[in-house]
file upload-v4.tsv (TSV, C-alpha atoms)
chain	number	residue	atom	x	y	z
A	1	MET	CA	-38.40	22.07	38.97
A	2	THR	CA	-41.25	23.01	36.78
A	3	SER	CA	-44.08	20.63	36.16
A	4	ALA	CA	-43.05	20.24	32.49
A	5	LYS	CA	-39.58	19.03	33.53
A	6	VAL	CA	-41.04	16.61	36.04
A	7	MET	CA	-43.42	15.23	33.42
A	8	ALA	CA	-40.56	14.85	30.92
A	9	LEU	CA	-38.39	12.98	33.42
A	10	ALA	CA	-41.29	10.78	34.49
A	11	SER	CA	-41.91	9.67	30.91
A	12	PHE	CA	-38.46	8.00	30.65
A	13	PRO	CA	-38.34	4.54	32.25
A	14	LEU	CA	-35.54	4.12	34.75
A	15	LEU	CA	-33.65	0.86	35.24
A	16	ALA	CA	-33.74	-0.74	38.62
A	17	ALA	CA	-30.47	-1.92	40.16
A	18	ASP	CA	-31.32	-5.60	39.66
A	19	GLU	CA	-32.25	-5.27	35.96
A	20	THR	CA	-29.73	-6.34	33.34
A	21	ILE	CA	-29.17	-4.87	29.93
A	22	ASN	CA	-28.89	-7.33	27.06
A	23	LEU	CA	-26.05	-6.25	24.79
A	24	GLU	CA	-26.30	-9.25	22.46
A	25	PRO	CA	-26.94	-8.22	18.84
A	26	ASP	CA	-30.28	-9.07	17.29
A	27	GLU	CA	-30.47	-11.92	14.81
A	28	GLY	CA	-30.25	-9.53	11.85
A	29	ILE	CA	-26.81	-8.17	12.64
A	30	GLY	CA	-25.25	-11.09	14.52
A	31	SER	CA	-26.28	-13.78	12.06
A	32	SER	CA	-24.90	-11.93	9.04
A	33	LEU	CA	-21.51	-11.37	10.68
A	34	SER	CA	-21.17	-14.85	12.13
A	35	GLY	CA	-20.73	-16.45	8.70
A	36	LEU	CA	-18.06	-13.97	7.60
A	37	THR	CA	-15.00	-15.71	6.15
A	38	ILE	CA	-11.83	-14.67	4.35
A	39	GLY	CA	-13.12	-16.31	1.17
A	40	GLY	CA	-16.37	-14.37	1.44
A	41	ILE	CA	-14.50	-11.10	1.93
A	42	ILE	CA	-12.26	-11.79	-1.09
A	43	ALA	CA	-15.26	-12.75	-3.25
A	44	ALA	CA	-17.16	-9.63	-2.19
A	45	ALA	CA	-14.11	-7.45	-2.90
A	46	LEU	CA	-13.76	-8.96	-6.38
A	47	LYS	CA	-17.44	-8.41	-7.14
A	48	LEU	CA	-17.23	-4.85	-5.86
A	49	ALA	CA	-14.12	-4.15	-7.93
A	50	LEU	CA	-15.79	-5.44	-11.10
A	51	VAL	CA	-18.93	-3.38	-10.54
A	52	VAL	CA	-17.05	-0.20	-9.63
A	53	ALA	CA	-14.72	-0.56	-12.63
A	54	ALA	CA	-17.65	-1.12	-15.00
A	55	VAL	CA	-19.49	1.93	-13.65
A	56	VAL	CA	-16.39	4.13	-13.82
A	57	PHE	CA	-15.60	3.13	-17.40
A	58	PHE	CA	-19.24	3.64	-18.38
A	59	PHE	CA	-19.19	7.20	-17.02
A	60	ILE	CA	-15.87	7.88	-18.77
A	61	LEU	CA	-17.56	6.69	-21.97
A	62	VAL	CA	-20.51	9.02	-21.41
A	63	ILE	CA	-18.23	11.96	-20.64
A	64	GLY	CA	-16.25	11.23	-23.82
A	65	GLY	CA	-19.47	11.25	-25.80
A	66	ILE	CA	-20.46	14.58	-24.30
A	67	ARG	CA	-17.00	15.98	-25.11
A	68	TRP	CA	-17.39	14.76	-28.70
A	69	ILE	CA	-20.74	16.53	-29.00
A	70	MET	CA	-19.37	19.69	-27.38
A	71	SER	CA	-16.25	19.75	-29.59
A	72	GLY	CA	-18.11	21.69	-32.28
A	73	GLY	CA	-16.06	20.20	-35.09
A	74	ASP	CA	-12.71	21.28	-33.65
A	75	LYS	CA	-10.18	18.66	-34.77
A	76	ALA	CA	-8.14	18.61	-31.53
A	77	HIS	CA	-11.17	18.33	-29.24
A	78	THR	CA	-12.76	15.66	-31.43
A	79	GLU	CA	-9.58	13.56	-31.34
A	80	ALA	CA	-9.30	13.95	-27.56
A	81	ALA	CA	-12.92	12.84	-27.14
A	82	ARG	CA	-12.38	9.93	-29.53
A	83	SER	CA	-9.34	8.74	-27.58
A	84	GLN	CA	-11.29	9.00	-24.32
A	85	ILE	CA	-14.14	6.95	-25.80
A	86	THR	CA	-11.66	4.37	-27.08
A	87	ALA	CA	-9.98	4.11	-23.68
A	88	ALA	CA	-13.35	3.70	-21.95
A	89	LEU	CA	-14.41	0.97	-24.38
A	90	VAL	CA	-11.11	-0.86	-23.88
A	91	GLY	CA	-11.61	-0.61	-20.12
A	92	LEU	CA	-15.14	-2.01	-20.39
A	93	VAL	CA	-13.88	-4.87	-22.56
A	94	ILE	CA	-11.18	-5.68	-19.99
A	95	VAL	CA	-13.72	-5.64	-17.13
A	96	PHE	CA	-16.15	-7.92	-18.96
A	97	ALA	CA	-13.31	-10.18	-20.09
A	98	ALA	CA	-12.24	-10.54	-16.45
A	99	TRP	CA	-15.81	-11.46	-15.52
A	100	ALA	CA	-15.96	-13.97	-18.39
A	101	ILE	CA	-12.63	-15.52	-17.36
A	102	THR	CA	-13.89	-16.02	-13.81
A	103	LYS	CA	-16.99	-17.74	-15.19
A	104	LEU	CA	-14.85	-19.94	-17.46
A	105	ILE	CA	-12.65	-20.92	-14.51
A	106	GLY	CA	-15.79	-21.87	-12.63
A	107	THR	CA	-17.12	-23.93	-15.54
A	108	PHE	CA	-13.92	-25.79	-16.42
A	109	PHE	CA	-12.24	-26.17	-13.02
A	110	GLY	CA	-15.19	-25.98	-10.62
A	111	VAL	CA	-13.72	-23.06	-8.69
A	112	GLU	CA	-16.26	-20.29	-8.28
A	113	VAL	CA	-14.02	-17.23	-7.91
A	114	LEU	CA	-16.94	-14.89	-7.27
A	115	ASN	CA	-18.37	-17.27	-4.64
A	116	LEU	CA	-15.08	-18.26	-3.09
A	117	THR	CA	-14.95	-20.76	-0.25
A	118	LEU	CA	-11.53	-21.51	1.15
A	119	PRO	CA	-10.80	-24.83	2.87
A	120	THR	CA	-10.35	-24.69	6.61
A	121	ALA	CA	-7.79	-26.49	8.75
A	122	LYS	CA	-9.15	-28.93	11.30
call {"tool": "encode", "arguments": {"input": "upload-v4.tsv", "output": "structure tokens"}}
result
Amino acid sequence: MTSAKVMALASFPLLAADETINLEPDEGIGSSLSGLTIGGIIAAALKLALVVAAVVFFFILVIGGIRWIMSGGDKAHTEAARSQITAALVGLVIVFAAWAITKLIGTFFGVEVLNLTLPTAK
């Protein structure tokens, strides 16, 4: 072996036979997964769905606006862009109405749908 290889191998610490390796997760990972519940997963999925839908409809709205600008006065392209903008606005209204309904349910019935906690059996 060359001296460079010996120096490289010597720089890595080797485990003795009586040493143990701790495979327990650190507090950062283990503590966040220990409180994971079905209600938390459902609430997170609902929040994610609302955010993704709002972002998608916003980008559809922007693309429709760009198509309107790029139509150059052509009647068919302008109508297609207008219908795309209308569909995106309707989608955004539906997403925000769903969010408002979940907030109303929380206010009137005390059930926080976006912070869902399910009862457990004992």
call {"tool": "residues_around", "arguments": {"input": "upload-v4.tsv", "residues": "A:Leu89", "least_positions_apart": "6", "cutoff": "10 Å", "atoms": "all atoms listed in the file", "output": "MDAnalysis selection string"}}
result
chainID A and resid 57:58 60:61 83 95
call {"tool": "atom_distance", "arguments": {"input": "upload-v4.tsv", "atom1": "atom CA of A:Asn115", "atom2": "atom CA of A:Ala43"}}
result
5.7 Å
call {"tool": "residues_around", "arguments": {"input": "upload-v4.tsv", "residues": "A:Ala81", "least_positions_apart": "6", "cutoff": "8 Å", "atoms": "only C-alpha atoms", "output": "list in words"}}
result
Gly64, Gly65, Arg67 and Trp68 of chain A
call {"tool": "write_last_selection", "arguments": {"input": "upload-v4.tsv", "atoms": "C-alpha atoms", "output": "tab-separated table (two decimals), in the frame of the given file"}}
result
chain	number	residue	atom	x	y	z
A	64	GLY	CA	-16.25	11.23	-23.82
A	65	GLY	CA	-19.47	11.25	-25.80
A	67	ARG	CA	-17.00	15.98	-25.11
A	68	TRP	CA	-17.39	14.76	-28.70
call {"tool": "closest_residue", "arguments": {"input": "upload-v4.tsv", "among": "A:Ala53, A:Leu36, A:Ala45, A:Ile21", "to": "A:Ile94", "atoms": "only C-alpha atoms"}}
result
A:Ala53
call {"tool": "residues_around", "arguments": {"input": "upload-v4.tsv", "residues": "A:Phe59", "least_positions_apart": "6", "cutoff": "12 Å", "atoms": "all atoms listed in the file", "output": "PyMOL selection string"}}
result
chain A and resi 52-53+65-66+84-85+87-89+91-92
call {"tool": "closest_residue", "arguments": {"input": "upload-v4.tsv", "among": "A:Leu104, A:Val56, A:Leu116, A:Val90", "to": "A:Ile42", "atoms": "all atoms listed in the file"}}
result
A:Leu116
call {"tool": "residues_around", "arguments": {"input": "upload-v4.tsv", "residues": "A:Leu114", "least_positions_apart": "5", "cutoff": "8 Å", "atoms": "all atoms listed in the file", "output": "NGL selection string"}}
result
:A and (43-44 or 46-47 or 102)
call {"tool": "axis_aligned_box", "arguments": {"input": "upload-v4.tsv", "around": "stretch 107-113 of chain A", "padding_each_side": "6 Å", "output": "AutoDock Vina command-line options"}}
result
--center_x -14.7 --center_y -21.7 --center_z -12.2 --size_x 16.9 --size_y 20.9 --size_z 20.5
call {"tool": "atom_distance", "arguments": {"input": "upload-v4.tsv", "atom1": "atom CA of A:Leu50", "atom2": "atom CA of A:Ala98"}}
result
8.2 Å
call {"tool": "closest_residue", "arguments": {"input": "upload-v4.tsv", "among": "A:Gly40, A:Ala49, A:Ala97, A:Ile63", "to": "A:Glu112", "atoms": "all atoms listed in the file"}}
result
A:Gly40
call {"tool": "atom_distance", "arguments": {"input": "upload-v4.tsv", "atom1": "atom CA of A:Ile105", "atom2": "atom CA of A:Thr117"}}
result
14.4 Å
